[in-house]
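This report refers to the structure that appears directly beneath it.
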Amino acid sequence: MPLTSLRPLRHRRFAVLFTAGMVSNIGTWMETVAVASLVTGLTGRAAWAALVAAATFLPIGVLSPVGGALADRLDRRRFLIATNLFEAGLAALLAGLAATGNARPGLVVTVVFFEGCSSALRAPFQQVILPDLVPREDLFGAVTLGSAQYNLGRVVGPALAALVIARFSFKAAFAINAVSFLAVIVAVMLVPLPRPRAAGGRRLLTQVREGAVAMWAEPGCRAAVVLIGAAALFVSPFIALVPAEARGLVRHAPSARALSPLLQARRIARTTGALVTAQGVGAVLGALALAPLAERVGQRPVVIGALIATPLTLMLYAASGSTVAATAAIGLVGVAYIGILSGLSAVVQLRASAEQRGRILSFFFTALGVIYPIGALVQGSLADRAGLRAVTVGGALGLLAFLAAVAILRPAMLRSLQGAPAGEPAPPTHVVP
């Protein structure tokens, strides 16, 4: 395991929050698999799987700028505790709905939507504190290690969800997620967190506007936001459509044809868990390799390589005709795709000013959170008509075409994908007076 990737764990505050976040991520991924499998199994439509993803991520796109502005002015400890308590309550509500037989698809999606709203406001608070927890030379490693943490949850959570749902029920998976939020609450209470540097007396919307102008004025930040938006539209929807892929694999199995819808939903959950876990394993391996690879060849080649490799591996995944082949292929997708997320996020972290980091980062989440669910809904609807394989390949080719256009027409965009050198301040950003 690359020592460069593990170096941020030497810092106690980061290590405590990292461990607590891992526990919470396991619970979150259990719920993600349970919700998507339950809704897809009961409705039998890929569009519903995409709707679950939209309910989760669309609030991130809409509310992240507000969360970013709040992260630059509010007490971070209190806000993180409050949002984690709120999300624990919503997870408990899902467990209650499943226990009483009232987990109707529309109601489940509504609860997930409110969880997404809370997560959208909370995410900038979590990201903005990273540069204050580790020294600058460990920041890229902290970002990639955070991605590894998230994807370790993706590895363990789906596998545990499949086991819990098969052995017990959907309500048990939701209940475990509710309890997992307590780990983050305890960690936040124990770890001193930095106070905002730019609370000021300006209006919230004014600060949001200043963050937007600052993001667009800084070439690296602007490039990262544009490229994550393109990736979110063309390739990211494969994540939302994993349950649909699992459903297709299950339906081709002769033993599944005589099963009731609920039993088929449980089998879909098991197959979904295998695919998501495989993607998570690939993402963990990719995240741990990113920091030492970037130190050797540079951050920009790593990010550009990930942008090219992701659609190529995604086409391999689309061509897989069996569960075993699909599981192996999606693992490769996980290795490449984490390079896009972590690499572009690190560019923003390194180039944004400390006073506006929360707001600038929020627009990165906005691009991902708005465009990803739109892409998922479009690809999910098209998949119900034209087939999932054709839609996935079309999206992969779309990203490759976009990158080719950027390389020809806007090569400076790709050249800006490099954080400021370690030990030097990030390039200045500009604000509206």
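As shown in the structure tokens, the chain order sets the letters A, B, ...; within each chain, residues go from 1, and ligands are also counted from 1 in the order they appear.
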### Task
Name all residues at most 12 Å from Pro158 in chain A (count only C-alpha atoms; drop same-chain ones fewer than 3 positions away) and give them as an MDAnalysis selection string.
chainID A and resid 25:37 151:155 161:166 173 177 242:243 268:281
Show me, as a compact mmCIF listing (two decimals) with N, CA and C atoms, in the first residue's frame, the residues that have an atom within 9 Å of range 212-222 of chain A when counting only C-alpha atoms, minus same-chain residues fewer than 2 positions from it.
# COMPACT_ATOMS: atom_id res chain seq x y z
N PRO A 65 -24.07 25.60 -3.36
CA PRO A 65 -23.58 26.97 -3.20
C PRO A 65 -24.01 27.61 -1.88
N GLN A 207 -22.36 36.53 -0.99
CA GLN A 207 -21.20 35.65 -0.85
C GLN A 207 -21.22 34.51 -1.86
N VAL A 208 -22.42 33.99 -2.16
CA VAL A 208 -22.53 32.95 -3.18
C VAL A 208 -22.08 33.50 -4.53
N ARG A 209 -22.51 34.72 -4.87
CA ARG A 209 -22.13 35.33 -6.14
C ARG A 209 -20.63 35.57 -6.21
N GLU A 210 -20.05 36.03 -5.11
CA GLU A 210 -18.61 36.23 -5.07
C GLU A 210 -17.86 34.92 -5.31
N ALA A 224 -11.77 22.53 -13.79
CA ALA A 224 -12.22 21.38 -13.01
C ALA A 224 -13.74 21.31 -12.98
N VAL A 225 -14.41 22.46 -12.83
CA VAL A 225 -15.87 22.48 -12.78
C VAL A 225 -16.47 22.09 -14.13
N VAL A 226 -15.91 22.62 -15.21
CA VAL A 226 -16.43 22.28 -16.54
C VAL A 226 -16.23 20.79 -16.84
N LEU A 227 -15.07 20.26 -16.51
CA LEU A 227 -14.78 18.85 -16.82
C LEU A 227 -15.57 17.89 -15.95
N LEU A 344 -9.81 16.11 -9.99
CA LEU A 344 -10.41 17.42 -10.22
C LEU A 344 -10.72 18.13 -8.91
N SER A 345 -11.16 17.38 -7.91
CA SER A 345 -11.42 17.99 -6.60
C SER A 345 -10.13 18.55 -6.00
N VAL A 347 -7.56 19.67 -7.60
CA VAL A 347 -7.21 20.90 -8.32
C VAL A 347 -7.90 22.10 -7.66
N VAL A 348 -9.19 21.95 -7.36
CA VAL A 348 -9.94 23.05 -6.73
C VAL A 348 -9.40 23.33 -5.33
N GLN A 349 -9.15 22.27 -4.56
CA GLN A 349 -8.65 22.44 -3.20
C GLN A 349 -7.33 23.21 -3.18
N ARG A 351 -6.04 25.25 -5.58
CA ARG A 351 -5.99 26.53 -6.26
C ARG A 351 -6.94 27.57 -5.67
N ALA A 352 -7.93 27.15 -4.89
CA ALA A 352 -8.89 28.11 -4.32
C ALA A 352 -8.27 28.80 -3.10
N GLN A 356 -12.30 31.68 0.42
CA GLN A 356 -13.43 31.37 -0.45
C GLN A 356 -13.50 29.89 -0.81
N ARG A 359 -17.01 28.21 -0.81
CA ARG A 359 -17.89 28.63 -1.90
C ARG A 359 -17.42 28.11 -3.25
N ILE A 360 -16.12 28.16 -3.50
CA ILE A 360 -15.61 27.67 -4.78
C ILE A 360 -15.81 26.17 -4.90
N LEU A 361 -15.53 25.44 -3.84
CA LEU A 361 -15.76 23.99 -3.85
C LEU A 361 -17.23 23.65 -4.09
N PHE A 363 -19.33 24.96 -6.02
CA PHE A 363 -19.70 24.94 -7.43
C PHE A 363 -19.19 23.69 -8.13
N PHE A 364 -18.14 23.10 -7.61
CA PHE A 364 -17.71 21.78 -8.09
C PHE A 364 -18.82 20.77 -7.80
N ALA A 412 -5.66 25.22 -23.33
CA ALA A 412 -5.26 25.84 -22.06
C ALA A 412 -6.07 25.27 -20.90
N MET A 413 -7.28 24.81 -21.17
CA MET A 413 -8.10 24.23 -20.10
C MET A 413 -7.42 23.00 -19.51
N LEU A 414 -6.88 22.16 -20.35
CA LEU A 414 -6.19 20.96 -19.88
C LEU A 414 -4.86 21.30 -19.22
N ARG A 415 -4.20 22.35 -19.70
CA ARG A 415 -2.92 22.74 -19.11
C ARG A 415 -3.08 23.29 -17.70
N SER A 416 -4.26 23.77 -17.37
CA SER A 416 -4.49 24.37 -16.05
C SER A 416 -4.79 23.36 -14.96
N LEU A 417 -4.87 22.08 -15.30
CA LEU A 417 -5.22 21.05 -14.33
C LEU A 417 -4.01 20.64 -13.50
N GLN A 418 -3.44 21.60 -12.84
CA GLN A 418 -2.28 21.36 -11.99
C GLN A 418 -2.39 22.26 -10.78
N GLY A 419 -2.32 21.69 -9.58
CA GLY A 419 -2.37 22.50 -8.38
C GLY A 419 -1.10 23.31 -8.22
N PRO A 427 -2.81 30.11 -6.44
CA PRO A 427 -2.96 31.31 -7.25
C PRO A 427 -4.08 32.17 -6.71
N PRO A 428 -3.97 33.49 -6.78
CA PRO A 428 -4.99 34.36 -6.22
C PRO A 428 -6.31 34.26 -6.96
N THR A 429 -7.39 34.48 -6.24
CA THR A 429 -8.70 34.55 -6.87
C THR A 429 -9.22 35.96 -6.71
N HIS A 430 -10.23 36.30 -7.48
CA HIS A 430 -10.75 37.66 -7.49
C HIS A 430 -12.20 37.66 -7.04
N VAL A 431 -12.59 38.68 -6.34
CA VAL A 431 -13.96 38.79 -5.85
C VAL A 431 -14.53 40.10 -6.33
N VAL A 432 -15.85 40.13 -6.34
CA VAL A 432 -16.53 41.37 -6.69
C VAL A 432 -16.46 42.31 -5.51
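Across A:Gln149, A:Thr110, A:Ser64, A:Asn84, the tightest approach to Met22 in chain A is made by A:Gln149 when counting only C-alpha atoms.
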### Task
Quick one: pick out all alpha helix (DSSP H) residues within range 83-328 of chain A from a backbone DSSP run and write them as number ranges by chain.
A: 83-99, 105-128, 130-133, 139-167, 170-190, 204-217, 219-234, 237-240, 242-251, 261-297, 299-318, 323-328
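For the set A:Ile81, A:Leu409, A:Val335, A:Ala98, the residue with the smallest atom-to-atom gap to Leu190 in chain A is A:Ile81, counting only C-alpha atoms.
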### Task
May I have the residues within 9 Å of Phe57 in chain A as a list in words, using only C-alpha atoms and disregarding those fewer than 2 positions away in the same chain?
Val52, Ala53, Ala54, Ala55, Pro59, Ile60, Gly61, Phe113, Gly116, Cys117, Ser119, Ala120, Leu368, Gly369, Val370, Tyr372 and Pro373 of chain A
### range 294-307 of chain A environment, 7 Å, only C-alpha atoms, sequence neighbours closer than 3 positions dropped, as a list in words
Leu290, Ala291, Thr310, Ala336, Tyr337, Gly339, Ile340, Gly343, Leu344, Leu417 and Gln418 of chain A
What does the file look like for those residues with C-alpha atoms, as a PDB file, in the first residue's frame?
ATOM      1  CA  LEU A 290      -3.183   8.463  -7.179  1.00  0.00           C
ATOM      2  CA  ALA A 291      -0.951  10.406  -4.765  1.00  0.00           C
ATOM      3  CA  THR A 310     -12.970   6.026 -17.692  1.00  0.00           C
ATOM      4  CA  ALA A 336     -10.309   5.115 -13.584  1.00  0.00           C
ATOM      5  CA  TYR A 337     -13.370   7.040 -12.396  1.00  0.00           C
ATOM      6  CA  GLY A 339      -9.102   9.593 -10.751  1.00  0.00           C
ATOM      7  CA  ILE A 340     -11.612  12.031 -12.238  1.00  0.00           C
ATOM      8  CA  GLY A 343      -8.029  14.624  -9.284  1.00  0.00           C
ATOM      9  CA  LEU A 344     -10.407  17.424 -10.223  1.00  0.00           C
ATOM     10  CA  LEU A 417      -5.223  21.049 -14.329  1.00  0.00           C
ATOM     11  CA  GLN A 418      -2.279  21.358 -11.995  1.00  0.00           C
TER      12      GLN A 418
END
### Message
Restricting the calculation to only C-alpha atoms: of A:Gly395, A:Gly89, A:Gly229, A:Gly68, which residue gets closest to Gln126 in chain A?
### Response
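Answer, going by the shortest atom-to-atom distance: A:Gly68.
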### Task
Find the residues near range 75-79 of chain A: any atom within 12 Å, counting only C-alpha atoms, skip ones fewer than 5 places away on the same chain, and give them as number ranges by chain.
A: 17, 67-70, 84-86, 118-119, 121-129, 184-199, 358
Please dump the current selection as a CSV table (one decimal), in the first residue's frame; keep N, CA and C atoms.
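Output below, filename out.csv:
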chain,number,residue,atom,x,y,z
A,17,LEU,N,-11.5,11.8,12.2
A,17,LEU,CA,-12.6,12.1,11.3
A,17,LEU,C,-12.7,11.0,10.1
A,67,GLY,N,-24.6,25.8,0.9
A,67,GLY,CA,-23.8,25.2,1.9
A,67,GLY,C,-22.3,25.7,1.9
A,68,GLY,N,-21.8,26.0,0.7
A,68,GLY,CA,-20.5,26.6,0.6
A,68,GLY,C,-20.4,27.9,1.3
A,69,ALA,N,-21.4,28.8,1.1
A,69,ALA,CA,-21.4,30.1,1.7
A,69,ALA,C,-21.6,30.0,3.2
A,70,LEU,N,-22.4,29.0,3.7
A,70,LEU,CA,-22.6,28.8,5.1
A,70,LEU,C,-21.3,28.3,5.7
A,84,ASN,N,-26.1,15.6,10.7
A,84,ASN,CA,-26.0,14.2,10.9
A,84,ASN,C,-27.1,13.6,11.7
A,85,LEU,N,-27.5,14.4,12.7
A,85,LEU,CA,-28.7,14.0,13.5
A,85,LEU,C,-30.0,13.9,12.7
A,86,PHE,N,-30.1,14.9,11.8
A,86,PHE,CA,-31.3,15.0,10.9
A,86,PHE,C,-31.3,13.8,10.0
A,118,SER,N,-30.0,17.6,3.0
A,118,SER,CA,-29.2,17.7,4.2
A,118,SER,C,-27.7,17.5,3.8
A,119,SER,N,-27.5,16.4,3.0
A,119,SER,CA,-26.1,16.1,2.6
A,119,SER,C,-25.5,17.2,1.7
A,121,LEU,N,-26.0,20.4,2.0
A,121,LEU,CA,-25.6,21.5,2.8
A,121,LEU,C,-24.4,21.1,3.7
A,122,ARG,N,-24.3,19.8,4.0
A,122,ARG,CA,-23.2,19.3,4.8
A,122,ARG,C,-21.9,19.1,4.1
A,123,ALA,N,-21.9,18.7,2.8
A,123,ALA,CA,-20.7,18.3,2.1
A,123,ALA,C,-19.7,19.5,2.0
A,124,PRO,N,-20.0,20.7,1.8
A,124,PRO,CA,-19.0,21.7,1.8
A,124,PRO,C,-18.3,21.9,3.1
A,125,PHE,N,-19.1,21.7,4.2
A,125,PHE,CA,-18.5,21.8,5.5
A,125,PHE,C,-17.4,20.8,5.7
A,126,GLN,N,-17.6,19.6,5.2
A,126,GLN,CA,-16.7,18.5,5.4
A,126,GLN,C,-15.4,18.7,4.5
A,127,GLN,N,-15.6,19.2,3.3
A,127,GLN,CA,-14.5,19.4,2.4
A,127,GLN,C,-13.6,20.6,2.8
A,128,VAL,N,-14.3,21.7,3.2
A,128,VAL,CA,-13.5,22.9,3.5
A,128,VAL,C,-12.6,22.8,4.6
A,129,ILE,N,-12.7,21.9,5.5
A,129,ILE,CA,-11.8,21.7,6.7
A,129,ILE,C,-10.6,20.9,6.4
A,184,VAL,N,-20.0,9.7,13.4
A,184,VAL,CA,-19.5,11.1,13.0
A,184,VAL,C,-19.8,12.1,14.0
A,185,ILE,N,-21.0,12.0,14.6
A,185,ILE,CA,-21.4,13.0,15.6
A,185,ILE,C,-20.4,13.0,16.8
A,186,VAL,N,-20.0,11.8,17.3
A,186,VAL,CA,-19.1,11.7,18.4
A,186,VAL,C,-17.7,12.2,17.9
A,187,ALA,N,-17.3,11.9,16.7
A,187,ALA,CA,-16.0,12.4,16.3
A,187,ALA,C,-15.9,13.9,16.2
A,188,VAL,N,-17.0,14.5,15.6
A,188,VAL,CA,-17.0,15.9,15.5
A,188,VAL,C,-17.0,16.6,16.9
A,189,MET,N,-17.7,16.0,17.8
A,189,MET,CA,-17.7,16.5,19.2
A,189,MET,C,-16.3,16.5,19.8
A,190,LEU,N,-15.5,15.5,19.5
A,190,LEU,CA,-14.2,15.4,20.1
A,190,LEU,C,-13.1,16.1,19.4
A,191,VAL,N,-13.2,16.4,18.1
A,191,VAL,CA,-12.1,17.0,17.3
A,191,VAL,C,-12.3,18.5,17.2
A,192,PRO,N,-11.3,19.3,17.6
A,192,PRO,CA,-11.5,20.8,17.4
A,192,PRO,C,-11.4,21.1,15.9
A,193,LEU,N,-12.3,21.9,15.4
A,193,LEU,CA,-12.4,22.3,14.0
A,193,LEU,C,-12.2,23.8,13.8
A,194,PRO,N,-11.5,24.1,12.7
A,194,PRO,CA,-11.2,25.6,12.5
A,194,PRO,C,-12.5,26.4,12.3
A,195,ARG,N,-12.4,27.6,12.7
A,195,ARG,CA,-13.6,28.5,12.5
A,195,ARG,C,-13.5,29.2,11.1
A,196,PRO,N,-14.6,29.6,10.6
A,196,PRO,CA,-14.6,30.2,9.3
A,196,PRO,C,-13.7,31.5,9.3
A,197,ARG,N,-13.1,31.8,8.2
A,197,ARG,CA,-12.2,32.9,8.1
A,197,ARG,C,-12.9,34.1,7.4
A,198,ALA,N,-14.0,33.9,6.9
A,198,ALA,CA,-14.7,35.0,6.1
A,198,ALA,C,-16.1,35.1,6.4
A,199,ALA,N,-16.5,35.2,7.7
A,199,ALA,CA,-17.9,35.3,8.0
A,199,ALA,C,-18.5,36.6,7.5
A,358,GLY,N,-14.8,27.2,0.6
A,358,GLY,CA,-16.1,26.6,0.7
A,358,GLY,C,-17.0,26.9,-0.4
### Query
Taking only C-alpha atoms into account, which of A:Leu350, A:Val143, A:Ile239, A:Ile371 comes nearest Val333 in chain A?
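Among the listed residues, A:Ile239 lies closest to Val333 in chain A.
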### Message
Counting only C-alpha atoms, which residue out of A:Leu403, A:Val391, A:Ser353, A:Arg73 sits closest to Arg203 in chain A?
### Response
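Of the candidates, the smallest distance to Arg203 in chain A is held by A:Arg73.
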### Message
Can you pull out the residues contacting range 7-16 of chain A? Cut-off 8 Å, using only C-alpha atoms, and skip same-chain residues under 3 positions away; I want them as a list in words.
### Response
Leu3, Thr4, Thr19, Ala20, Leu130, Leu133, Val134, Asp138, Leu139, Gly141, Ala142, Leu145, Ala187, Val191 and Pro192 of chain A
Once you have the residues from the selection above, write them out as an mmCIF file, in the first residue's frame, restricted to C-alpha atoms.
data_model
loop_
_atom_site.group_PDB
_atom_site.id
_atom_site.type_symbol
_atom_site.label_atom_id
_atom_site.label_comp_id
_atom_site.auth_asym_id
_atom_site.auth_seq_id
_atom_site.Cartn_x
_atom_site.Cartn_y
_atom_site.Cartn_z
ATOM 1 C CA LEU A 3 2.937 5.173 1.933
ATOM 2 C CA THR A 4 2.357 8.536 0.262
ATOM 3 C CA THR A 19 -12.345 6.606 10.837
ATOM 4 C CA ALA A 20 -15.757 7.973 11.794
ATOM 5 C CA LEU A 130 -9.400 19.374 4.903
ATOM 6 C CA LEU A 133 -6.371 19.317 9.124
ATOM 7 C CA VAL A 134 -3.216 18.444 7.164
ATOM 8 C CA ASP A 138 -0.305 16.155 2.329
ATOM 9 C CA LEU A 139 -3.445 17.750 0.875
ATOM 10 C CA GLY A 141 -3.036 12.596 -0.323
ATOM 11 C CA ALA A 142 -5.835 13.647 2.061
ATOM 12 C CA LEU A 145 -7.529 9.106 0.965
ATOM 13 C CA ALA A 187 -15.951 12.375 16.274
ATOM 14 C CA VAL A 191 -12.123 17.006 17.335
ATOM 15 C CA PRO A 192 -11.468 20.773 17.370
#
